[in-house]
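Chemist: Input model.csv, format and content: CSV, C-alpha atoms and all ligand atoms.
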```csv
chain,number,residue,atom,x,y,z
A,25,MET,CA,0.0,0.0,0.0
A,26,LYS,CA,1.4,3.4,-1.0
A,27,PHE,CA,2.0,6.2,1.6
A,28,ASP,CA,-1.2,8.2,1.0
A,29,THR,CA,-3.5,5.1,1.1
A,30,ALA,CA,-1.7,3.7,4.2
A,31,ALA,CA,-2.0,7.0,6.1
A,32,ILE,CA,-5.8,6.8,5.7
A,33,HIS,CA,-6.5,3.0,5.9
A,34,ILE,CA,-3.8,1.1,7.9
A,35,GLY,CA,-5.0,0.8,11.5
A,36,GLN,CA,-8.1,2.8,10.7
A,37,GLU,CA,-10.5,0.2,9.5
A,38,PRO,CA,-14.2,0.9,10.2
A,39,ASP,CA,-15.5,-0.2,13.6
A,40,ARG,CA,-16.5,-3.8,13.5
A,41,GLU,CA,-19.4,-3.5,16.0
A,42,THR,CA,-21.1,-0.4,14.6
A,43,GLY,CA,-19.6,0.2,11.1
A,44,ALA,CA,-18.5,3.7,12.2
A,45,VAL,CA,-16.2,4.7,9.4
A,46,ILE,CA,-14.1,6.7,11.8
A,47,PRO,CA,-13.0,4.3,14.6
A,48,PRO,CA,-14.3,5.3,18.0
A,49,VAL,CA,-12.1,6.4,20.9
A,50,TYR,CA,-12.4,4.4,24.1
A,51,LEU,CA,-12.0,7.0,26.9
A,52,THR,CA,-11.6,4.5,29.6
A,53,SER,CA,-8.8,3.9,32.2
A,54,THR,CA,-9.7,0.2,32.7
A,55,PHE,CA,-11.4,-2.7,31.0
A,56,ALA,CA,-13.7,-5.3,32.5
A,57,GLN,CA,-12.3,-8.8,32.7
A,58,LEU,CA,-14.3,-11.9,31.9
A,59,GLU,CA,-12.6,-13.7,34.8
A,60,PRO,CA,-9.3,-12.8,36.6
A,61,GLY,CA,-6.6,-12.4,33.9
A,62,GLN,CA,-9.0,-13.1,31.0
A,63,THR,CA,-9.5,-9.9,29.0
A,64,HIS,CA,-10.8,-8.7,25.7
A,65,GLY,CA,-7.1,-7.8,24.9
A,66,TYR,CA,-6.8,-4.8,27.1
A,67,ASP,CA,-6.7,-4.5,30.9
A,68,TYR,CA,-5.6,-1.0,31.8
A,69,THR,CA,-5.0,2.0,29.6
A,70,ARG,CA,-1.4,2.6,30.9
A,71,SER,CA,-0.5,-0.7,29.3
A,72,GLY,CA,-2.7,-0.5,26.2
A,73,ASN,CA,-5.7,1.0,24.5
A,74,PRO,CA,-7.2,0.4,21.0
A,75,ALA,CA,-6.3,4.0,20.1
A,76,PHE,CA,-2.6,3.3,20.8
A,77,ASP,CA,-2.7,0.2,18.6
A,78,ARG,CA,-4.5,2.0,15.7
A,79,LEU,CA,-2.0,4.9,15.7
A,80,GLY,CA,1.0,2.5,16.2
A,81,ALA,CA,-0.1,0.4,13.2
A,82,THR,CA,-0.3,3.4,10.9
A,83,LEU,CA,3.0,4.9,12.1
A,84,ALA,CA,4.8,1.5,11.8
A,85,HIS,CA,3.7,1.2,8.2
A,86,LEU,CA,4.6,4.8,7.3
A,87,GLU,CA,8.1,4.5,9.0
A,88,GLN,CA,8.6,1.1,7.2
A,89,ALA,CA,8.9,-0.5,10.6
A,90,LYS,CA,7.7,-3.7,12.1
A,91,HIS,CA,6.8,-2.1,15.4
A,92,ALA,CA,5.8,1.4,16.7
A,93,THR,CA,5.1,2.2,20.4
A,94,VAL,CA,3.3,5.5,21.1
A,95,PHE,CA,4.0,7.7,24.0
A,96,GLY,CA,2.6,10.8,25.8
A,97,SER,CA,5.1,13.2,24.2
A,98,GLY,CA,8.3,13.2,22.2
A,99,MET,CA,10.2,13.6,25.5
A,100,ALA,CA,8.3,10.5,26.9
A,101,ALA,CA,9.6,8.6,23.8
A,102,VAL,CA,13.1,9.9,24.6
A,103,THR,CA,12.8,8.8,28.2
A,104,ALA,CA,11.6,5.4,27.1
A,105,VAL,CA,14.8,4.8,25.1
A,106,ILE,CA,17.2,6.2,27.7
A,107,SER,CA,15.6,4.2,30.4
A,108,THR,CA,16.9,1.0,28.7
A,109,LEU,CA,20.5,2.1,29.4
A,110,SER,CA,22.4,1.2,32.5
A,111,ALA,CA,24.8,3.0,34.8
A,112,GLY,CA,28.2,3.1,33.1
A,113,ASP,CA,26.7,3.2,29.6
A,114,HIS,CA,28.0,5.9,27.3
A,115,VAL,CA,26.0,7.6,24.5
A,116,LEU,CA,27.5,9.5,21.6
A,117,ALA,CA,25.2,12.2,20.3
A,118,GLU,CA,25.1,14.8,17.6
A,119,GLU,CA,26.3,18.1,19.1
A,120,ASN,CA,23.2,20.0,17.8
A,121,ILE,CA,20.4,17.8,19.4
A,122,TYR,CA,17.2,19.2,20.7
A,123,GLY,CA,17.6,21.3,23.9
A,124,CYS,CA,15.4,19.1,26.1
A,125,THR,CA,17.1,15.9,24.9
A,126,TYR,CA,20.4,17.5,26.0
A,127,ARG,CA,18.8,18.5,29.3
A,128,ILE,CA,17.3,15.1,30.1
A,129,TYR,CA,20.7,13.5,29.7
A,130,ASP,CA,22.5,16.2,31.6
A,131,GLN,CA,20.1,16.8,34.5
A,132,VAL,CA,18.2,13.5,34.8
A,133,PHE,CA,20.1,10.4,33.5
A,134,LYS,CA,23.6,11.6,34.4
A,135,LYS,CA,22.6,11.1,38.1
A,136,PHE,CA,22.0,7.5,37.3
A,137,GLY,CA,25.4,7.0,35.7
A,138,VAL,CA,24.6,7.3,32.0
A,139,THR,CA,27.1,9.6,30.3
A,140,ILE,CA,26.9,11.4,27.0
A,141,GLY,CA,29.5,12.8,24.6
A,142,TYR,CA,28.9,15.1,21.7
A,143,LEU,CA,30.3,15.2,18.2
A,144,ASP,CA,29.7,17.0,14.9
A,145,PHE,CA,28.2,14.0,13.0
A,146,SER,CA,28.0,16.0,9.8
A,147,ASP,CA,31.8,15.7,9.6
A,148,PRO,CA,32.6,12.2,8.2
A,149,ALA,CA,36.0,12.3,9.8
A,150,ASN,CA,34.3,12.1,13.2
A,151,LEU,CA,32.7,8.7,12.5
A,152,ALA,CA,35.9,6.9,13.5
A,153,GLU,CA,35.0,8.0,17.1
A,154,ILE,CA,32.2,5.4,17.1
A,155,GLU,CA,34.7,2.5,16.7
A,156,GLN,CA,37.0,4.1,19.2
A,157,GLN,CA,34.5,4.9,21.9
A,158,LYS,CA,32.1,1.9,21.3
A,159,PRO,CA,29.1,3.7,22.9
A,160,ALA,CA,26.0,1.9,24.0
A,161,LEU,CA,24.0,4.0,21.6
A,162,VAL,CA,24.5,6.7,19.0
A,163,TRP,CA,21.9,9.5,19.0
A,164,ILE,CA,21.4,11.8,16.0
A,165,GLU,CA,18.8,14.1,14.5
A,166,SER,CA,18.6,14.9,10.8
A,167,PRO,CA,17.8,17.6,10.0
A,168,THR,CA,19.0,18.9,13.3
A,169,ASN,CA,17.1,21.4,15.5
A,170,PRO,CA,17.5,24.3,14.8
A,171,LEU,CA,20.6,24.4,12.5
A,172,LEU,CA,19.2,22.0,9.9
A,173,LYS,CA,22.5,20.1,9.6
A,174,ILE,CA,22.0,17.0,7.5
A,175,ILE,CA,23.7,13.8,8.8
A,176,ASP,CA,24.4,10.9,6.5
A,177,ILE,CA,22.2,8.3,8.3
A,178,GLU,CA,23.4,5.4,6.1
A,179,ALA,CA,27.1,6.2,6.8
A,180,VAL,CA,26.5,6.6,10.6
A,181,ALA,CA,24.4,3.3,10.7
A,182,THR,CA,27.2,1.4,8.9
A,183,ALA,CA,29.8,2.8,11.4
A,184,CYS,CA,27.6,1.9,14.3
A,185,HIS,CA,27.0,-1.7,13.2
A,186,ALA,CA,30.7,-2.2,12.5
A,187,ALA,CA,31.4,-1.1,16.0
A,188,GLY,CA,28.6,-3.3,17.5
A,189,THR,CA,26.4,-0.5,18.5
A,190,GLU,CA,23.0,0.8,17.5
A,191,LEU,CA,21.7,4.0,16.0
A,192,LEU,CA,18.7,6.2,17.0
A,193,VAL,CA,17.5,8.9,14.6
A,194,ASP,CA,15.2,11.6,15.8
A,195,ASN,CA,13.0,12.0,12.7
A,196,THR,CA,10.8,14.7,14.0
A,197,PHE,CA,11.9,17.4,11.5
A,198,ALA,CA,11.6,15.3,8.4
A,199,SER,CA,8.5,13.2,9.2
A,200,PRO,CA,8.1,9.8,7.7
A,201,TYR,CA,6.8,11.4,4.6
A,202,PHE,CA,10.2,12.8,3.7
A,203,GLN,CA,12.6,10.4,5.4
A,204,ASN,CA,12.6,6.8,6.6
A,205,PRO,CA,15.6,6.3,9.0
A,206,LEU,CA,15.1,2.5,9.4
A,207,ALA,CA,15.3,2.0,5.6
A,208,LEU,CA,18.6,3.9,5.8
A,209,GLY,CA,19.9,1.5,8.4
A,210,ALA,CA,19.0,3.1,11.7
A,211,ASP,CA,17.8,0.8,14.5
A,212,LEU,CA,15.3,3.2,16.1
A,213,SER,CA,13.4,6.1,14.5
A,214,LEU,CA,11.9,8.4,17.2
A,215,SER,CA,9.5,11.2,16.5
A,216,SER,CA,7.7,13.9,18.5
A,217,THR,CA,4.2,13.3,17.0
A,218,THR,CA,3.3,16.6,18.5
A,219,LYS,CA,4.9,18.2,15.3
A,220,TYR,CA,4.2,17.2,11.7
A,221,ILE,CA,2.6,13.9,12.4
A,222,ASN,CA,-0.3,15.4,14.3
A,223,GLY,CA,0.2,18.7,12.5
A,224,HIS,CA,-2.5,20.7,14.2
A,225,SER,CA,-0.8,21.9,17.4
A,226,ASP,CA,-3.6,20.6,19.6
A,227,CYS,CA,-1.9,17.8,21.5
A,228,LEU,CA,1.4,16.1,22.4
A,229,GLY,CA,2.7,12.7,21.5
A,230,GLY,CA,5.7,10.6,20.7
A,231,VAL,CA,6.6,7.4,18.9
A,232,VAL,CA,9.5,5.0,18.7
A,233,CYS,CA,9.6,2.8,15.6
A,234,THR,CA,11.9,-0.3,15.1
A,235,ASN,CA,12.3,-3.5,13.3
A,236,SER,CA,13.8,-5.2,16.3
A,237,ASN,CA,11.6,-7.4,18.5
A,238,GLU,CA,13.9,-6.8,21.5
A,239,TRP,CA,13.6,-3.0,21.2
A,240,ASP,CA,9.9,-3.3,20.8
A,241,GLU,CA,9.6,-5.3,24.0
A,242,LYS,CA,11.7,-2.7,25.8
A,243,MET,CA,9.5,0.1,24.5
A,244,VAL,CA,6.2,-1.5,25.4
A,245,PHE,CA,7.6,-2.2,28.8
A,246,ALA,CA,8.7,1.4,29.3
A,247,GLN,CA,5.3,2.7,28.1
A,248,LYS,CA,3.5,0.8,30.9
A,249,ALA,CA,6.2,0.5,33.6
A,250,ILE,CA,7.2,4.1,33.6
A,251,GLY,CA,3.8,5.5,32.8
A,252,LEU,CA,4.9,7.1,29.5
A,253,ASN,CA,1.6,6.3,27.8
A,254,PRO,CA,-0.3,8.8,25.8
A,255,SER,CA,-4.0,9.6,26.3
A,256,PRO,CA,-6.4,7.7,24.0
A,257,PHE,CA,-8.0,10.9,22.8
A,258,ASP,CA,-4.7,12.4,21.9
A,259,CYS,CA,-3.9,9.3,19.9
A,260,TRP,CA,-7.3,9.7,18.1
A,261,LEU,CA,-6.4,13.3,17.3
A,262,ILE,CA,-3.0,12.3,16.0
A,263,SER,CA,-4.5,9.5,13.9
A,264,ARG,CA,-6.8,12.1,12.4
A,265,GLY,CA,-4.0,14.5,11.7
A,266,LEU,CA,-1.8,11.8,10.2
A,267,LYS,CA,-4.3,11.1,7.4
A,268,THR,CA,-3.4,14.4,5.7
A,269,LEU,CA,0.4,14.2,6.4
A,270,SER,CA,1.4,14.0,2.7
A,271,LEU,CA,-0.8,16.9,1.6
A,272,ARG,CA,0.5,19.0,4.5
A,273,MET,CA,4.1,18.1,4.0
A,274,GLU,CA,4.1,19.0,0.3
A,275,LYS,CA,2.7,22.4,1.1
A,276,HIS,CA,5.0,23.0,4.1
A,277,ALA,CA,8.0,22.2,1.8
A,278,ALA,CA,6.8,24.3,-1.1
A,279,ASN,CA,6.2,27.3,1.2
A,280,ALA,CA,9.4,26.8,3.1
A,281,LEU,CA,11.5,26.8,-0.1
A,282,THR,CA,9.7,30.1,-1.2
A,283,VAL,CA,10.3,31.7,2.2
A,284,ALA,CA,14.0,30.5,2.3
A,285,THR,CA,14.6,31.8,-1.2
A,286,TYR,CA,13.1,35.2,-0.2
A,287,LEU,CA,15.1,35.4,3.1
A,288,GLU,CA,18.4,34.5,1.3
A,289,ARG,CA,18.0,37.5,-1.0
A,290,LEU,CA,17.7,40.0,2.0
A,291,ASP,CA,20.7,42.2,2.8
A,292,CYS,CA,20.1,41.7,6.5
A,293,THR,CA,20.5,37.9,6.5
A,294,GLU,CA,24.0,36.4,6.9
A,295,THR,CA,23.1,32.8,6.2
A,296,VAL,CA,19.8,31.0,5.5
A,297,ARG,CA,19.6,27.3,5.9
A,298,TYR,CA,17.0,25.1,4.2
A,299,PRO,CA,18.0,21.5,3.2
A,300,PHE,CA,16.6,21.9,-0.3
A,301,LEU,CA,18.2,25.3,-1.0
A,302,PRO,CA,21.2,24.7,-3.3
A,303,SER,CA,23.3,26.8,-0.9
A,304,HIS,CA,22.8,24.3,2.0
A,305,PRO,CA,26.3,22.8,2.8
A,306,GLN,CA,24.8,19.2,2.6
A,307,HIS,CA,22.3,19.9,-0.1
A,308,ALA,CA,23.3,16.8,-2.2
A,309,LEU,CA,23.1,14.6,0.9
A,310,ALA,CA,19.7,16.0,1.8
A,311,ARG,CA,18.4,15.2,-1.7
A,312,LYS,CA,19.9,11.7,-1.4
A,313,GLN,CA,18.2,10.7,1.8
A,314,MET,CA,15.1,12.9,2.0
A,315,ARG,CA,12.2,13.2,-0.5
A,316,GLY,CA,11.6,16.8,0.4
A,317,GLY,CA,13.1,19.6,2.5
A,318,SER,CA,10.3,19.8,5.1
A,319,GLY,CA,9.0,23.0,6.6
A,320,ILE,CA,11.7,24.5,8.8
A,321,VAL,CA,14.0,27.4,7.7
A,322,THR,CA,16.6,29.0,9.9
A,323,ALA,CA,18.1,32.4,9.2
A,324,LEU,CA,21.0,34.1,10.9
A,325,PHE,CA,20.2,37.8,10.9
A,326,ASP,CA,22.9,40.4,10.7
A,327,LEU,CA,21.0,42.7,13.0
A,328,PRO,CA,21.5,43.9,16.6
A,329,PHE,CA,19.8,41.5,19.1
A,330,GLU,CA,17.0,44.1,20.0
A,331,GLN,CA,16.1,44.4,16.3
A,332,VAL,CA,16.0,40.6,15.9
A,333,LEU,CA,13.5,40.5,18.8
A,334,LYS,CA,11.5,43.3,17.3
A,335,LEU,CA,11.4,41.7,13.9
A,336,ILE,CA,10.0,38.4,15.3
A,337,SER,CA,7.6,40.0,17.8
A,338,ASN,CA,6.0,42.3,15.1
A,339,LEU,CA,5.0,39.5,12.8
A,340,LYS,CA,1.3,38.9,12.5
A,341,LEU,CA,1.0,35.5,10.7
A,342,PHE,CA,4.1,33.9,12.3
A,343,SER,CA,3.2,33.5,16.0
A,344,LEU,CA,6.1,33.7,18.4
A,345,ALA,CA,5.9,30.3,20.0
A,346,GLU,CA,7.9,27.2,20.8
A,347,SER,CA,7.1,24.1,18.7
A,348,LEU,CA,6.9,23.5,15.0
A,349,GLY,CA,5.2,21.4,12.4
A,350,GLY,CA,1.7,22.7,12.7
A,351,ILE,CA,-0.4,24.0,9.9
A,352,GLU,CA,0.1,27.6,11.2
A,353,SER,CA,3.4,29.4,10.8
A,354,LEU,CA,5.4,29.9,14.0
A,355,ILE,CA,8.7,31.7,14.7
A,356,CYS,CA,11.1,31.0,17.4
A,357,HIS,CA,14.3,32.4,18.8
A,358,PRO,CA,16.2,29.2,19.8
A,359,ALA,CA,18.8,30.9,22.0
A,360,SER,CA,16.2,32.2,24.4
A,361,MET,CA,13.4,29.7,23.8
A,362,THR,CA,13.9,26.0,22.7
A,363,HIS,CA,17.6,25.8,23.4
A,364,ALA,CA,17.8,28.1,26.5
A,365,SER,CA,18.5,25.0,28.6
A,366,ILE,CA,21.9,24.6,26.9
A,367,PRO,CA,24.6,26.8,28.5
A,368,LYS,CA,25.4,29.9,26.4
A,369,ALA,CA,29.0,29.0,25.7
A,370,GLU,CA,28.0,25.5,24.5
A,371,ARG,CA,25.1,26.8,22.5
A,372,GLU,CA,27.1,29.4,20.7
A,373,ALA,CA,30.0,27.0,20.0
A,374,VAL,CA,27.6,25.0,17.9
A,375,GLY,CA,26.1,28.0,16.1
A,376,ILE,CA,23.0,28.9,18.1
A,377,THR,CA,23.7,32.6,18.5
A,378,ASP,CA,21.5,35.5,19.3
A,379,GLY,CA,20.9,36.4,15.6
A,380,LEU,CA,19.5,32.9,14.8
A,381,VAL,CA,15.8,32.7,14.1
A,382,ARG,CA,13.8,29.5,13.3
A,383,PHE,CA,10.8,29.7,11.0
A,384,SER,CA,8.3,26.8,11.1
A,385,VAL,CA,6.6,27.6,7.8
A,386,GLY,CA,2.9,26.7,7.8
A,387,ILE,CA,0.6,25.9,5.0
A,388,GLU,CA,-0.9,29.4,4.5
A,389,ASP,CA,-0.5,31.2,1.2
A,390,ALA,CA,3.3,31.8,0.8
A,391,ASP,CA,2.7,35.4,-0.6
A,392,ASP,CA,1.0,36.4,2.7
A,393,LEU,CA,3.9,34.9,4.7
A,394,ILE,CA,6.5,36.8,2.8
A,395,GLU,CA,4.4,40.0,3.0
A,396,ASP,CA,4.3,39.5,6.8
A,397,ILE,CA,8.1,39.3,7.1
A,398,GLN,CA,8.6,42.2,4.7
A,399,ARG,CA,6.2,44.4,6.7
A,400,SER,CA,8.0,43.6,10.0
A,401,LEU,CA,11.3,44.4,8.4
A,402,ASP,CA,10.1,47.6,6.9
A,403,ALA,CA,8.9,48.7,10.4
A,404,LEU,CA,12.4,48.3,11.9
B,501,LIG,C1,13.7,17.2,17.5
B,501,LIG,C2,12.8,17.0,18.6
B,501,LIG,N1,12.7,15.9,19.3
B,501,LIG,C3,11.9,15.8,20.4
B,501,LIG,C4,11.1,16.8,20.8
B,501,LIG,C5,10.3,16.6,22.1
B,501,LIG,O1,8.9,16.5,21.7
B,501,LIG,P1,7.7,16.9,22.7
B,501,LIG,O2,7.7,18.4,22.8
B,501,LIG,O3,6.5,16.3,22.0
B,501,LIG,O4,8.0,16.3,24.0
B,501,LIG,C6,11.1,18.0,20.1
B,501,LIG,C7,10.3,19.1,20.6
B,501,LIG,O5,10.3,20.2,20.1
B,501,LIG,C8,12.0,18.1,19.0
B,501,LIG,O6,12.0,19.3,18.3
```
What is this structure when it is put down as structure tokens?

Modeler:
Amino acid sequence: MKFDTAAIHIGQEPDRETGAVIPPVYLTSTFAQLEPGQTHGYDYTRSGNPAFDRLGATLAHLEQAKHATVFGSGMAAVTAVISTLSAGDHVLAEENIYGCTYRIYDQVFKKFGVTIGYLDFSDPANLAEIEQQKPALVWIESPTNPLLKIIDIEAVATACHAAGTELLVDNTFASPYFQNPLALGADLSLSSTTKYINGHSDCLGGVVCTNSNEWDEKMVFAQKAIGLNPSPFDCWLISRGLKTLSLRMEKHAANALTVATYLERLDCTETVRYPFLPSHPQHALARKQMRGGSGIVTALFDLPFEQVLKLISNLKLFSLAESLGGIESLICHPASMTHASIPKAEREAVGITDGLVRFSVGIEDADDLIEDIQRSLDAL
């Protein structure tokens, strides 16, 4: 089944009992048992609910995975994976990972003896470190948040497997429509379903997809044992959003390319990053491993800090907000918002400086979006 058909039909068959074309949501915490231990397949929503299975089935198919476990947020999915590590385990991660992933390693799991080291995974010379350090897990994002670095997933997966370790790719920014990390050799593909997969900025969710039965068992265990489960209603919403993923992603990508091209021509931008702009340093790699550039654009403005803040606060269509991947356009200042949890020196060393602005380009009319930015610039 092709992507568009699977997004609508897999896991979303009409209700067997009533014929309801849209499967119902079971808003229940517990399920009656026929006799002790004999259930209809579910006993308690923390360890399973039909809405989890339906969403998981769709996501597994779209990510080209055997298994998908859904969680209450992207960070719950991150927690599930890290919770499988033991004291003394070392993780090697891309130096430009999401701020809260950095923070959970640094402020939560470090206390339990899990250590983490950072590398620039976009530099192929650094891949030799995997063999040298033999980490328990390698953790990357591609494109990265917010710098949109593209990492060669296939090359990192090959280096990981040669060293006897495994690779997790955070696929939040690309979505399964534009990139399938497991097909490129990754062992785990994690997403915050809060973003493109749901696409409507009305609930939180996360997912871990894998072809490994052992990883699947660990994820299902973490979901119930740590209480990382989502709410059935949120899964129902995410399943609804997921049905239009391809349409939304096509429009996000077209609008983002238009906005990036416009920003690149401005005198006040020093650099503009968008994976499908020919000027992107890993443009060829992006085209090789992604089917589209997705909807995020970052621009480094050559303006004083106060003017950058004015520019982003005066926009009318781009709301100043954390998050990304919804139908509406958002703008964010990573240094003071999403990545504020990373110490300033470390943040700046990887390129998250005060002039950097992240645009989550929505699916409005691109002309209106450009007019909005131009109006705000004119007012400076
Ligand atoms: C790349 C990436 N991974 C994980 C997360 C965490 O997801 P959530 O906010 O759903 O917990 C985010 C959130 O912005 C993200 O951008």

Chemist: Let me have all residues with an atom within 9 Å of ligand LIG 501 (chain B), counting all atoms listed in the file, laid out as a ChimeraX atom specification.

Modeler: /A:96-102,121-125,165-170,194-197,214-219,227-230,346-348,362

Chemist: So, counting only C-alpha atoms, which residue among A:Met25, A:Ala104, A:Ala81, A:Ala56 is closest to Ile250 (chain A)?

Modeler: A:Ala104

Chemist: One number please: CA of Ile106 (chain A) to CA of Ala207 (chain A), in Å, one decimal.

Modeler: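 According to the coordinates, CA of Ile106 (chain A) and CA of Ala207 (chain A) are separated by 22.6 Å.
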
Chemist: Kindly give the distance, in Å, that separates CA of Gly35 (chain A) and CA of Gln57 (chain A), rounded to a single decimal.

Modeler: 24.4 Å

Chemist: Quick one: distance from CA of Gly72 (chain A) to CA of Gln247 (chain A) in Å, one decimal?

Modeler: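 So the answer is 8.8 Å.
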
Chemist: Which residues, written as a list in words, have at least one atom at most 9 Å from Phe55 (chain A), with all atoms listed in the file counted and residues fewer than 2 positions away on the same chain left out?

Modeler: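 Selected residues are Thr52, Ser53, Gln57, Thr63, His64, Tyr66, Asp67, Tyr68 and Thr69 of chain A.
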
Chemist: Which residue gives the smallest distance to Leu206 (chain A) among A:Val283, A:Leu86, A:Ile320, A:Ile46, with all atoms listed in the file counted?

Modeler: A:Leu86

Chemist: Check the smallest atom-to-atom distance from each of A:Glu388, A:Glu153, A:Asp211, A:Asp378 to His276 (chain A) using only C-alpha atoms, then report the winner.

Modeler: A:Glu388

Chemist: What residues have an atom no more than 10 Å from (-12.3, 9.9, 29.2) in the file's own frame, counting all atoms listed in the file, and can you write them as number ranges by chain?

Modeler: A: 49-53, 255-257

Chemist: Counting all atoms listed in the file, which residue out of A:Gln306, A:Thr295, A:Asn204, A:Thr93 sits closest to Lys248 (chain A)?

Modeler: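 The shortest atom-to-atom distance to Lys248 (chain A) comes from A:Thr93.
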
Chemist: What's the 10 Å shell around Ser343 (chain A), counting only C-alpha atoms, without same-chain residues fewer than 4 positions away, as an MDAnalysis selection string?

Modeler: chainID A and resid 336:339 352:356 383:384

Chemist: Between A:Gly349, A:Gly386, A:Gly379, A:Pro367, single out the one closest to Leu281 (chain A), counting all atoms listed in the file.

Modeler: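 With all atoms listed in the file as the atom set, the closest residue is A:Gly386.
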
Chemist: Taking into account only C-alpha atoms, which residue in the set A:Leu344, A:Leu58, A:Ala310, A:Leu401 is nearest to Leu290 (chain A)?

Modeler: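 Nearest to Leu290 (chain A): A:Leu401.
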
Chemist: List the spatial neighbours of region 265-275 of chain A as an NGL selection string - criterion: any atom at most 7 Å away, all atoms listed in the file, same-chain residues fewer than 3 positions off excluded.

Modeler: :A and (28 or 31-32 or 201 or 221-224 or 261-262 or 278-279 or 318 or 387)

Chemist: Using all atoms listed in the file, determine which residues lie at most 12 Å from region 181-187 of chain A, disregarding the query and same-chain residues fewer than 4 positions distant; provide the list as an NGL selection string.

Modeler: :A and (115-116 or 145 or 148-164 or 175-177 or 191-193 or 205-213)

Chemist: Would you pick out the contacts of Thr285 (chain A) at 10 Å or less, using all atoms listed in the file, so that residues sharing its chain but fewer than 5 positions from it are not included, and give the list as a list in words?

Modeler: Asn279, Ala280, Leu290, Val296, Arg297, Tyr298, Leu301, Pro302 and Val321 of chain A

Chemist: Write out the residues from the selection above, keeping C-alpha atoms, as a compact mmCIF listing (two decimals), in the frame of the given file.

Modeler:
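Generated file (again.txt):
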```txt
# COMPACT_ATOMS: atom_id res chain seq x y z
CA ASN A 279 6.20 27.30 1.20
CA ALA A 280 9.40 26.80 3.10
CA LEU A 290 17.70 40.00 2.00
CA VAL A 296 19.80 31.00 5.50
CA ARG A 297 19.60 27.30 5.90
CA TYR A 298 17.00 25.10 4.20
CA LEU A 301 18.20 25.30 -1.00
CA PRO A 302 21.20 24.70 -3.30
CA VAL A 321 14.00 27.40 7.70
```
